[in-house]
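The file structure14.pdb contains PDB, C-alpha atoms:
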ATOM      1  CA  MET A 175     115.554 124.080  99.884
ATOM      2  CA  SER A 176     118.638 123.471 101.970
ATOM      3  CA  ARG A 177     120.305 120.163 102.677
ATOM      4  CA  GLU A 178     119.237 120.465 106.302
ATOM      5  CA  ARG A 179     115.632 121.051 105.317
ATOM      6  CA  ARG A 180     115.824 118.094 102.939
ATOM      7  CA  GLN A 181     116.868 115.804 105.722
ATOM      8  CA  GLY A 182     114.006 117.086 107.810
ATOM      9  CA  VAL A 183     116.199 118.438 110.626
ATOM     10  CA  GLY A 184     113.985 120.420 112.938
ATOM     11  CA  CYS A 185     111.151 120.011 110.516
ATOM     12  CA  ARG A 186     107.643 119.420 111.755
ATOM     13  CA  ALA A 187     104.913 119.986 109.264
ATOM     14  CA  GLN A 188     101.181 119.588 109.425
ATOM     15  CA  SER A 189      98.893 119.419 106.446
ATOM     16  CA  LYS A 190      95.668 117.939 105.211
ATOM     17  CA  ASP A 191      95.304 115.403 102.471
ATOM     18  CA  THR A 192      92.753 115.354  99.698
ATOM     19  CA  GLU A 193      90.140 113.858 102.028
ATOM     20  CA  GLY A 194      90.654 116.339 104.833
ATOM     21  CA  THR A 195      92.636 114.021 107.124
ATOM     22  CA  THR A 196      95.347 115.827 109.069
ATOM     23  CA  HIS A 197      98.920 114.448 108.847
ATOM     24  CA  VAL A 198     101.802 115.509 111.035
ATOM     25  CA  LEU A 199     105.294 114.868 109.686
ATOM     26  CA  ASP A 200     107.832 115.059 112.526
ATOM     27  CA  GLU A 201     111.592 115.462 112.475
ATOM     28  CA  THR A 202     112.142 111.697 112.358
ATOM     29  CA  GLY A 203     110.112 111.395 109.172
ATOM     30  CA  SER A 204     107.242 109.664 110.973
ATOM     31  CA  VAL A 205     103.729 110.558 109.996
ATOM     32  CA  THR A 206     100.791 110.577 112.368
ATOM     33  CA  THR A 207      97.251 111.083 111.229
ATOM     34  CA  ALA A 208      94.094 112.490 112.736
ATOM     35  CA  GLU A 209      90.531 112.442 111.545
ATOM     36  CA  PRO A 210      89.166 115.529 109.782
ATOM     37  CA  THR A 211      87.893 118.297 112.018
ATOM     38  CA  LYS A 212      85.204 120.854 111.350
ATOM     39  CA  GLU A 213      87.260 123.861 112.451
ATOM     40  CA  THR A 214      87.314 127.035 110.393
ATOM     41  CA  ARG A 215      90.107 126.925 107.825
ATOM     42  CA  SER A 216      93.005 129.216 108.604
ATOM     43  CA  GLU A 217      95.055 131.155 106.086
ATOM     44  CA  GLU A 218      97.734 128.464 106.223
ATOM     45  CA  ASP A 219      95.161 125.814 105.363
ATOM     46  CA  LEU A 220      94.152 127.773 102.326
ATOM     47  CA  ASP A 221      97.764 128.058 101.194
ATOM     48  CA  LEU A 222      98.000 124.562  99.697
ATOM     49  CA  PRO A 223      99.861 125.012  96.446
ATOM     50  CA  TRP A 224     101.545 121.573  96.033
ATOM     51  CA  GLN A 225     100.358 118.049  95.540
ATOM     52  CA  VAL A 226     102.158 114.701  95.632
ATOM     53  CA  VAL A 227     101.255 112.567  92.623
ATOM     54  CA  VAL A 228     102.143 108.909  92.082
ATOM     55  CA  HIS A 229     102.200 107.650  88.496
ATOM     56  CA  ASN A 230     101.537 104.189  87.110
ATOM     57  CA  ASP A 231     104.450 101.840  86.629
ATOM     58  CA  PRO A 232     103.954  98.358  85.153
ATOM     59  CA  VAL A 233     106.849  96.887  87.168
ATOM     60  CA  ASN A 234     105.978  97.771  90.749
ATOM     61  CA  LEU A 235     103.680  95.198  92.366
ATOM     62  CA  MET A 236     100.248  96.354  93.491
ATOM     63  CA  SER A 237     100.803  94.905  96.967
ATOM     64  CA  TYR A 238     104.137  96.713  97.189
ATOM     65  CA  VAL A 239     102.612 100.059  96.196
ATOM     66  CA  THR A 240      99.861  99.597  98.797
ATOM     67  CA  MET A 241     102.455  98.876 101.488
ATOM     68  CA  VAL A 242     104.435 101.987 100.526
ATOM     69  CA  PHE A 243     101.349 104.225 100.757
ATOM     70  CA  GLN A 244     100.589 102.818 104.197
ATOM     71  CA  ARG A 245     104.134 103.374 105.373
ATOM     72  CA  VAL A 246     104.808 106.797 103.883
ATOM     73  CA  PHE A 247     101.443 108.460 104.497
ATOM     74  CA  GLY A 248     100.216 106.384 107.414
ATOM     75  CA  TYR A 249      97.067 105.569 105.466
ATOM     76  CA  PRO A 250      94.899 102.632 106.534
ATOM     77  CA  ARG A 251      95.014  99.678 104.165
ATOM     78  CA  GLU A 252      91.669 100.410 102.470
ATOM     79  CA  LYS A 253      92.632 103.965 101.650
ATOM     80  CA  ALA A 254      96.091 102.906 100.466
ATOM     81  CA  GLU A 255      94.492 100.274  98.204
ATOM     82  CA  ARG A 256      92.062 102.841  96.829
ATOM     83  CA  HIS A 257      94.934 105.109  95.816
ATOM     84  CA  MET A 258      96.902 102.157  94.425
ATOM     85  CA  LEU A 259      93.945 101.167  92.232
ATOM     86  CA  GLU A 260      93.541 104.745  91.057
ATOM     87  CA  VAL A 261      97.204 104.754  90.009
ATOM     88  CA  HIS A 262      96.733 101.416  88.253
ATOM     89  CA  GLN A 263      93.481 102.306  86.486
ATOM     90  CA  LYS A 264      93.806 106.025  85.823
ATOM     91  CA  GLY A 265      97.567 106.298  85.526
ATOM     92  CA  ARG A 266      98.003 108.615  88.497
ATOM     93  CA  SER A 267      96.686 109.444  91.918
ATOM     94  CA  ILE A 268      97.028 112.512  94.109
ATOM     95  CA  LEU A 269      98.224 111.171  97.432
ATOM     96  CA  TRP A 270      98.614 114.330  99.394
ATOM     97  CA  ALA A 271      98.355 118.102  99.098
ATOM     98  CA  GLY A 272      99.921 120.757 101.234
ATOM     99  CA  MET A 273     102.976 122.877 101.796
ATOM    100  CA  ARG A 274     106.001 122.424  99.559
ATOM    101  CA  GLU A 275     108.500 121.259 102.161
ATOM    102  CA  PRO A 276     106.619 118.212 103.479
ATOM    103  CA  ALA A 277     105.532 117.462  99.910
ATOM    104  CA  GLU A 278     109.207 117.283  98.900
ATOM    105  CA  LEU A 279     109.923 114.974 101.817
ATOM    106  CA  TYR A 280     107.071 112.700 100.802
ATOM    107  CA  VAL A 281     108.323 112.541  97.200
ATOM    108  CA  GLN A 282     111.826 111.795  98.471
ATOM    109  CA  GLN A 283     110.477 108.912 100.567
ATOM    110  CA  LEU A 284     108.448 107.594  97.620
ATOM    111  CA  HIS A 285     111.547 107.701  95.394
ATOM    112  CA  GLY A 286     113.372 105.789  98.121
ATOM    113  CA  TYR A 287     110.795 103.058  97.574
ATOM    114  CA  LEU A 288     111.335 103.443  93.806
ATOM    115  CA  LEU A 289     107.838 104.676  93.028
ATOM    116  CA  LEU A 290     107.300 107.167  90.209
ATOM    117  CA  ALA A 291     106.261 110.194  92.213
ATOM    118  CA  THR A 292     106.200 113.878  91.397
ATOM    119  CA  LEU A 293     105.531 117.153  93.069
ATOM    120  CA  GLU A 294     103.062 119.405  91.265
ATOM    121  CA  LYS A 295     102.005 122.951  91.860
ATOM    122  CA  ILE A 296      98.248 123.182  92.143
ATOM    123  CA  SER A 297      97.164 125.620  89.499
TER
ATOM    124  CA  MET B 278     112.215  75.387  95.729
ATOM    125  CA  GLU B 279     110.363  75.953  98.968
ATOM    126  CA  ILE B 280     109.899  79.211 100.755
ATOM    127  CA  CYS B 281     108.605  79.627 104.267
ATOM    128  CA  ARG B 282     109.032  81.609 107.441
ATOM    129  CA  HIS B 283     110.837  80.141 110.407
ATOM    130  CA  ASN B 284     110.802  82.306 113.525
ATOM    131  CA  ASP B 285     112.568  85.526 112.617
ATOM    132  CA  GLN B 286     113.860  84.554 109.203
ATOM    133  CA  ILE B 287     112.632  83.609 105.770
ATOM    134  CA  GLU B 288     113.995  80.342 104.445
ATOM    135  CA  ILE B 289     114.295  79.557 100.759
ATOM    136  CA  SER B 290     115.185  75.887 100.612
ATOM    137  CA  GLU B 291     115.715  73.142  98.024
ATOM    138  CA  LEU B 292     117.184  75.700  95.663
ATOM    139  CA  ASP B 293     118.319  74.256  92.354
ATOM    140  CA  PRO B 294     121.483  75.697  90.788
ATOM    141  CA  PHE B 295     119.526  77.749  88.230
ATOM    142  CA  LEU B 296     117.395  79.600  90.783
ATOM    143  CA  ALA B 297     120.384  79.931  93.105
ATOM    144  CA  GLU B 298     122.259  81.611  90.274
ATOM    145  CA  LEU B 299     119.340  83.980  89.626
ATOM    146  CA  LEU B 300     119.395  84.920  93.293
ATOM    147  CA  ARG B 301     123.131  85.495  93.155
ATOM    148  CA  GLN B 302     122.564  87.865  90.242
ATOM    149  CA  ILE B 303     120.352  90.241  92.250
ATOM    150  CA  PRO B 304     123.132  92.664  93.292
ATOM    151  CA  ALA B 305     124.623  92.875  89.794
ATOM    152  CA  SER B 306     121.158  93.280  88.287
ATOM    153  CA  THR B 307     120.562  96.480  90.280
ATOM    154  CA  SER B 308     123.278  98.297  88.333
ATOM    155  CA  PRO B 309     122.047 100.489  85.464
ATOM    156  CA  ASP B 310     125.468  99.918  83.795
ATOM    157  CA  GLY B 311     125.306 103.328  82.162
ATOM    158  CA  VAL B 312     122.005 102.572  80.397
ATOM    159  CA  PRO B 313     120.244 105.979  80.490
ATOM    160  CA  THR B 314     116.688 104.594  80.695
ATOM    161  CA  ALA B 315     117.623 102.406  83.655
ATOM    162  CA  GLU B 316     119.423 105.281  85.390
ATOM    163  CA  GLN B 317     116.438 107.572  84.756
ATOM    164  CA  ARG B 318     114.042 105.017  86.182
ATOM    165  CA  LEU B 319     115.980 104.642  89.436
ATOM    166  CA  PHE B 320     116.451 108.390  89.768
ATOM    167  CA  SER B 321     113.315 109.853  88.257
ATOM    168  CA  SER B 322     112.531 113.549  88.062
ATOM    169  CA  PRO B 323     110.614 114.919  91.068
ATOM    170  CA  THR B 324     108.624 117.291  88.835
ATOM    171  CA  ASN B 325     108.467 115.663  85.408
ATOM    172  CA  GLY B 326     111.031 118.172  84.214
ATOM    173  CA  LYS B 327     109.125 121.223  85.442
ATOM    174  CA  GLU B 328     110.506 123.487  88.177
ATOM    175  CA  PRO B 329     114.134 123.377  86.906
ATOM    176  CA  GLU B 330     115.558 124.946  90.055
ATOM    177  CA  LEU B 331     114.018 122.264  92.209
ATOM    178  CA  CYS B 332     115.345 119.574  89.848
ATOM    179  CA  VAL B 333     118.895 120.928  90.131
ATOM    180  CA  GLU B 334     118.724 120.931  93.931
ATOM    181  CA  TRP B 335     117.195 117.464  93.874
ATOM    182  CA  LYS B 336     120.138 116.143  91.862
ATOM    183  CA  GLN B 337     122.563 117.828  94.207
ATOM    184  CA  TYR B 338     121.066 116.836  97.553
ATOM    185  CA  VAL B 339     118.516 114.055  97.199
ATOM    186  CA  GLU B 340     120.030 111.803  94.537
ATOM    187  CA  PRO B 341     123.199 111.122  96.553
ATOM    188  CA  GLU B 342     121.029 110.091  99.510
ATOM    189  CA  LEU B 343     118.953 107.803  97.298
ATOM    190  CA  ARG B 344     122.141 106.275  95.854
ATOM    191  CA  ARG B 345     123.371 105.555  99.382
ATOM    192  CA  LEU B 346     120.027 104.035 100.328
ATOM    193  CA  PHE B 347     119.967 101.777  97.256
ATOM    194  CA  GLN B 348     123.619 100.826  97.670
ATOM    195  CA  SER B 349     123.086  99.939 101.317
ATOM    196  CA  ALA B 350     120.122  97.690 100.456
ATOM    197  CA  THR B 351     122.127  95.979  97.719
ATOM    198  CA  GLU B 352     125.063  95.390 100.063
ATOM    199  CA  THR B 353     122.787  93.830 102.697
ATOM    200  CA  VAL B 354     121.369  91.446 100.081
ATOM    201  CA  ALA B 355     124.838  90.657  98.735
ATOM    202  CA  GLY B 356     125.914  89.793 102.282
ATOM    203  CA  ASP B 357     122.985  87.381 102.734
ATOM    204  CA  LEU B 358     123.716  85.819  99.354
ATOM    205  CA  GLU B 359     127.198  84.824 100.484
ATOM    206  CA  GLN B 360     125.422  81.751 101.862
ATOM    207  CA  LEU B 361     125.143  80.648  98.239
ATOM    208  CA  ASN B 362     128.817  80.976  97.403
ATOM    209  CA  GLY B 363     130.379  77.880  95.926
ATOM    210  CA  ASN B 364     130.498  75.910  92.725
ATOM    211  CA  GLU B 365     127.415  74.781  90.832
ATOM    212  CA  LYS B 366     127.466  71.277  92.298
ATOM    213  CA  SER B 367     127.548  72.560  95.847
ATOM    214  CA  LEU B 368     124.564  74.810  95.105
ATOM    215  CA  ALA B 369     122.190  71.868  94.721
ATOM    216  CA  ASN B 370     119.473  71.852  97.398
ATOM    217  CA  ARG B 371     120.964  74.784  99.227
ATOM    218  CA  THR B 372     119.012  76.888 101.714
ATOM    219  CA  LEU B 373     119.094  80.666 101.876
ATOM    220  CA  ARG B 374     118.096  82.287 105.149
ATOM    221  CA  ILE B 375     117.021  85.924 105.142
ATOM    222  CA  PRO B 376     116.829  87.574 108.578
ATOM    223  CA  ALA B 377     113.515  89.389 109.147
ATOM    224  CA  LYS B 378     115.390  92.635 109.787
ATOM    225  CA  HIS B 379     116.779  92.450 106.234
ATOM    226  CA  THR B 380     113.405  92.155 104.504
ATOM    227  CA  ASP B 381     113.154  95.882 103.699
ATOM    228  CA  ALA B 382     116.587  95.758 102.066
ATOM    229  CA  TRP B 383     115.496  92.710 100.051
ATOM    230  CA  LEU B 384     112.286  94.417  98.902
ATOM    231  CA  ASN B 385     114.313  97.436  97.815
ATOM    232  CA  ALA B 386     117.060  95.512  96.033
ATOM    233  CA  LEU B 387     114.567  93.220  94.294
ATOM    234  CA  ASN B 388     112.654  96.276  93.132
ATOM    235  CA  GLN B 389     115.823  97.959  91.878
ATOM    236  CA  ALA B 390     116.731  94.808  89.956
ATOM    237  CA  ARG B 391     113.264  94.412  88.423
ATOM    238  CA  LEU B 392     113.094  98.058  87.349
ATOM    239  CA  VAL B 393     116.601  98.047  85.882
ATOM    240  CA  ILE B 394     116.066  94.790  83.971
ATOM    241  CA  ALA B 395     112.723  96.060  82.627
ATOM    242  CA  ALA B 396     114.266  99.366  81.537
ATOM    243  CA  LYS B 397     117.287  97.731  79.911
ATOM    244  CA  ASN B 398     115.055  95.372  77.915
ATOM    245  CA  ASN B 399     112.393  97.958  77.235
ATOM    246  CA  PHE B 400     109.660  95.457  78.138
ATOM    247  CA  THR B 401     106.099  96.385  77.242
ATOM    248  CA  GLU B 402     103.272  96.339  79.775
ATOM    249  CA  GLY B 403     101.872  93.308  77.937
ATOM    250  CA  GLU B 404     105.110  91.363  78.290
ATOM    251  CA  LEU B 405     105.365  92.262  81.964
ATOM    252  CA  SER B 406     101.810  91.006  82.556
ATOM    253  CA  ASP B 407     102.551  87.659  80.913
ATOM    254  CA  HIS B 408     103.581  85.647  83.954
ATOM    255  CA  PHE B 409     103.327  82.278  82.269
ATOM    256  CA  ARG B 410     105.595  82.703  79.251
ATOM    257  CA  SER B 411     107.657  79.589  78.620
ATOM    258  CA  PRO B 412     109.966  78.094  77.710
ATOM    259  CA  ILE B 413     112.962  80.377  78.078
ATOM    260  CA  GLY B 414     114.264  80.600  74.540
ATOM    261  CA  SER B 415     116.277  83.791  74.555
ATOM    262  CA  ARG B 416     118.179  86.185  76.762
ATOM    263  CA  ARG B 417     115.081  88.417  76.694
ATOM    264  CA  ASP B 418     112.873  85.546  77.931
ATOM    265  CA  LEU B 419     115.371  84.892  80.701
ATOM    266  CA  SER B 420     115.253  88.550  81.742
ATOM    267  CA  LEU B 421     111.457  88.405  81.895
ATOM    268  CA  PHE B 422     111.634  85.222  83.964
ATOM    269  CA  GLN B 423     114.092  86.982  86.275
ATOM    270  CA  ILE B 424     111.642  89.889  86.768
ATOM    271  CA  ASN B 425     108.799  87.482  87.550
ATOM    272  CA  PHE B 426     110.925  85.365  89.897
ATOM    273  CA  TYR B 427     112.064  88.432  91.813
ATOM    274  CA  GLY B 428     108.437  89.627  91.892
ATOM    275  CA  PHE B 429     107.383  86.291  93.379
ATOM    276  CA  LEU B 430     109.956  86.730  96.150
ATOM    277  CA  GLN B 431     108.723  90.266  96.780
ATOM    278  CA  GLU B 432     105.132  89.030  97.052
ATOM    279  CA  PHE B 433     106.157  86.383  99.587
ATOM    280  CA  ILE B 434     108.113  88.874 101.693
ATOM    281  CA  LEU B 435     105.189  91.320 101.583
ATOM    282  CA  ARG B 436     102.790  88.590 102.715
ATOM    283  CA  GLU B 437     105.082  87.805 105.632
ATOM    284  CA  LEU B 438     105.388  91.475 106.583
ATOM    285  CA  ASP B 439     101.603  91.683 106.488
ATOM    286  CA  GLY B 440     101.500  88.961 109.110
TER
END

Encoding of this model in structure tokens:
Amino acid sequence: MSRERRQGVGCRAQSKDTEGTTHVLDETGSVTTAEPTKETRSEEDLDLPWQVVVHNDPVNLMSYVTMVFQRVFGYPREKAERHMLEVHQKGRSILWAGMREPAELYVQQLHGYLLLATLEKIS
Amino acid sequence: MEICRHNDQIEISELDPFLAELLRQIPASTSPDGVPTAEQRLFSSPTNGKEPELCVEWKQYVEPELRRLFQSATETVAGDLEQLNGNEKSLANRTLRIPAKHTDAWLNALNQARLVIAAKNNFTEGELSDHFRSPIGSRRDLSLFQINFYGFLQEFILRELDG
């Protein structure tokens, strides 16, 4: 993990979330999404060892957390609310899974919004 | 106090001196003041303490960026709050105008302040859910009121951002 990689310079990553939606994280930090496809999974797709987890926090407002999920992951409101409620009710929610580098960038963005977020290796 | 949107700014009008003072305390309230729990809440571990190598790099490269981000938001809010400078008498019925382009900075600074106050006072989830506690009888009650007041402002800003 270099400083340059941290800042996302020249970084363009593509991964799929827990529901199979494809997300592209470009060098500006913007995320675009595409609906799941039925293509055969490549080796890279199978190499998904990290997940981004958001943990419950009694201070952050539910509406604020929903807004952050929409902004960071590009999720539609309903999906963002579903994850927010999972955090609220179950204590945590897996927001995204994929390669380590984009996962780190997502956690960094979530910390920028002051959410309790961690990066976990999928065992 | 009244709060509404006018064109490209949010107006908080008819501010009494007490609420004006609470607003003026936002920048100072974002400082952890060396309280470890508050510092840890603003700069939480990216791995819950696992992956020590990643944590070291995080502290070295990411934390400074987060500090700059939080500082920048606080400075923007402090700049807007200069509208409320003056003695207590002159604060009566004052209006604070927040430009729409500053709303993200306000959301961030308000969140910093709420998290730091909660950590410093070690509030329980039950206390934080009690939005109707009154009257303010102690410094702790005042801190809880501050968290709820800042939360109310966040909710309003979020509603406006939502259109």

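With all atoms listed in the file as the basis for measurement, A:Leu235 is the residue among A:Leu235, A:Asn230, A:Lys264, A:Gln282 that approaches Gln431 in chain B most closely.
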
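Excluding Arg266 in chain A and any residue on its chain fewer than 5 positions from it, the residues at most 8 Å away by all atoms listed in the file are Val227, Val228, His229, Asn230, Glu260 and Val261 of chain A.
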
Chain B near chain A within 9 Å: what's each residue's closest atom pair and its distance in Å to one decimal, counting only C-alpha atoms, ordered by chain then ascending residue number, as JSON lines?
{"residue": "B:Arg318", "atom": "CA", "partner": "A:Leu290", "partner_atom": "CA", "distance": 8.1}
{"residue": "B:Leu319", "atom": "CA", "partner": "A:Leu288", "partner_atom": "CA", "distance": 6.5}
{"residue": "B:Phe320", "atom": "CA", "partner": "A:His285", "partner_atom": "CA", "distance": 7.5}
{"residue": "B:Ser321", "atom": "CA", "partner": "A:Leu290", "partner_atom": "CA", "distance": 6.9}
{"residue": "B:Ser322", "atom": "CA", "partner": "A:Thr292", "partner_atom": "CA", "distance": 7.2}
{"residue": "B:Pro323", "atom": "CA", "partner": "A:Thr292", "partner_atom": "CA", "distance": 4.5}
{"residue": "B:Thr324", "atom": "CA", "partner": "A:Thr292", "partner_atom": "CA", "distance": 4.9}
{"residue": "B:Asn325", "atom": "CA", "partner": "A:Thr292", "partner_atom": "CA", "distance": 6.6}
{"residue": "B:Lys327", "atom": "CA", "partner": "A:Glu294", "partner_atom": "CA", "distance": 8.6}
{"residue": "B:Leu331", "atom": "CA", "partner": "A:Met175", "partner_atom": "CA", "distance": 8.0}
{"residue": "B:Glu334", "atom": "CA", "partner": "A:Met175", "partner_atom": "CA", "distance": 7.4}
{"residue": "B:Tyr338", "atom": "CA", "partner": "A:Arg177", "partner_atom": "CA", "distance": 6.2}
{"residue": "B:Val339", "atom": "CA", "partner": "A:Gln282", "partner_atom": "CA", "distance": 7.2}
{"residue": "B:Glu342", "atom": "CA", "partner": "A:Gly286", "partner_atom": "CA", "distance": 8.9}
{"residue": "B:Leu343", "atom": "CA", "partner": "A:Gly286", "partner_atom": "CA", "distance": 6.0}
{"residue": "B:Leu346", "atom": "CA", "partner": "A:Gly286", "partner_atom": "CA", "distance": 7.2}
{"residue": "B:Phe347", "atom": "CA", "partner": "A:Gly286", "partner_atom": "CA", "distance": 7.8}
{"residue": "B:Leu384", "atom": "CA", "partner": "A:Tyr238", "partner_atom": "CA", "distance": 8.6}
{"residue": "B:Asn385", "atom": "CA", "partner": "A:Tyr287", "partner_atom": "CA", "distance": 6.6}
{"residue": "B:Asn388", "atom": "CA", "partner": "A:Asn234", "partner_atom": "CA", "distance": 7.2}
{"residue": "B:Gln389", "atom": "CA", "partner": "A:Leu288", "partner_atom": "CA", "distance": 7.3}
{"residue": "B:Arg391", "atom": "CA", "partner": "A:Val233", "partner_atom": "CA", "distance": 7.0}
{"residue": "B:Leu392", "atom": "CA", "partner": "A:Val233", "partner_atom": "CA", "distance": 6.4}
{"residue": "B:Ala395", "atom": "CA", "partner": "A:Val233", "partner_atom": "CA", "distance": 7.5}
{"residue": "B:Thr401", "atom": "CA", "partner": "A:Pro232", "partner_atom": "CA", "distance": 8.4}
{"residue": "B:Glu402", "atom": "CA", "partner": "A:Pro232", "partner_atom": "CA", "distance": 5.8}
{"residue": "B:Leu405", "atom": "CA", "partner": "A:Pro232", "partner_atom": "CA", "distance": 7.0}
{"residue": "B:Ser406", "atom": "CA", "partner": "A:Pro232", "partner_atom": "CA", "distance": 8.1}
{"residue": "B:Ile424", "atom": "CA", "partner": "A:Val233", "partner_atom": "CA", "distance": 8.5}
{"residue": "B:Gly428", "atom": "CA", "partner": "A:Leu235", "partner_atom": "CA", "distance": 7.3}
{"residue": "B:Gln431", "atom": "CA", "partner": "A:Tyr238", "partner_atom": "CA", "distance": 7.9}
{"residue": "B:Glu432", "atom": "CA", "partner": "A:Ser237", "partner_atom": "CA", "distance": 7.3}
{"residue": "B:Leu435", "atom": "CA", "partner": "A:Tyr238", "partner_atom": "CA", "distance": 7.0}
{"residue": "B:Arg436", "atom": "CA", "partner": "A:Ser237", "partner_atom": "CA", "distance": 8.8}
{"residue": "B:Asp439", "atom": "CA", "partner": "A:Met241", "partner_atom": "CA", "distance": 8.8}

Check your understanding: Using only C-alpha atoms, which residue out of A:Phe243, A:Trp270, A:Tyr280, A:Tyr249 lies closest to Pro223 in chain A?
Key -> A:Trp270

Exercise for review: Report as a ChimeraX atom specification the full result of the PyMOL selection byres ((chain B and resi 283) around 12) when it is applied to this structure.
Suggested key: /B:280-282,284-290,373-377,437

Would you mind exporting the chosen residues as an mmCIF file, in the coordinates of the input, restricted to C-alpha atoms?
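Once written, again13.cif looks like this:
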data_model
loop_
_atom_site.group_PDB
_atom_site.id
_atom_site.type_symbol
_atom_site.label_atom_id
_atom_site.label_comp_id
_atom_site.auth_asym_id
_atom_site.auth_seq_id
_atom_site.Cartn_x
_atom_site.Cartn_y
_atom_site.Cartn_z
ATOM 1 C CA ILE B 280 109.899 79.211 100.755
ATOM 2 C CA CYS B 281 108.605 79.627 104.267
ATOM 3 C CA ARG B 282 109.032 81.609 107.441
ATOM 4 C CA ASN B 284 110.802 82.306 113.525
ATOM 5 C CA ASP B 285 112.568 85.526 112.617
ATOM 6 C CA GLN B 286 113.860 84.554 109.203
ATOM 7 C CA ILE B 287 112.632 83.609 105.770
ATOM 8 C CA GLU B 288 113.995 80.342 104.445
ATOM 9 C CA ILE B 289 114.295 79.557 100.759
ATOM 10 C CA SER B 290 115.185 75.887 100.612
ATOM 11 C CA LEU B 373 119.094 80.666 101.876
ATOM 12 C CA ARG B 374 118.096 82.287 105.149
ATOM 13 C CA ILE B 375 117.021 85.924 105.142
ATOM 14 C CA PRO B 376 116.829 87.574 108.578
ATOM 15 C CA ALA B 377 113.515 89.389 109.147
ATOM 16 C CA GLU B 437 105.082 87.805 105.632
#

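Residues selected in this file by the PyMOL selection byres ((chain B and resi 306) around 9) comprise Gln302, Ile303, Pro304, Ala305, Thr307, Ser308, Pro309, Leu387, Gln389, Ala390, Arg391, Val393 and Ile394 of chain B.
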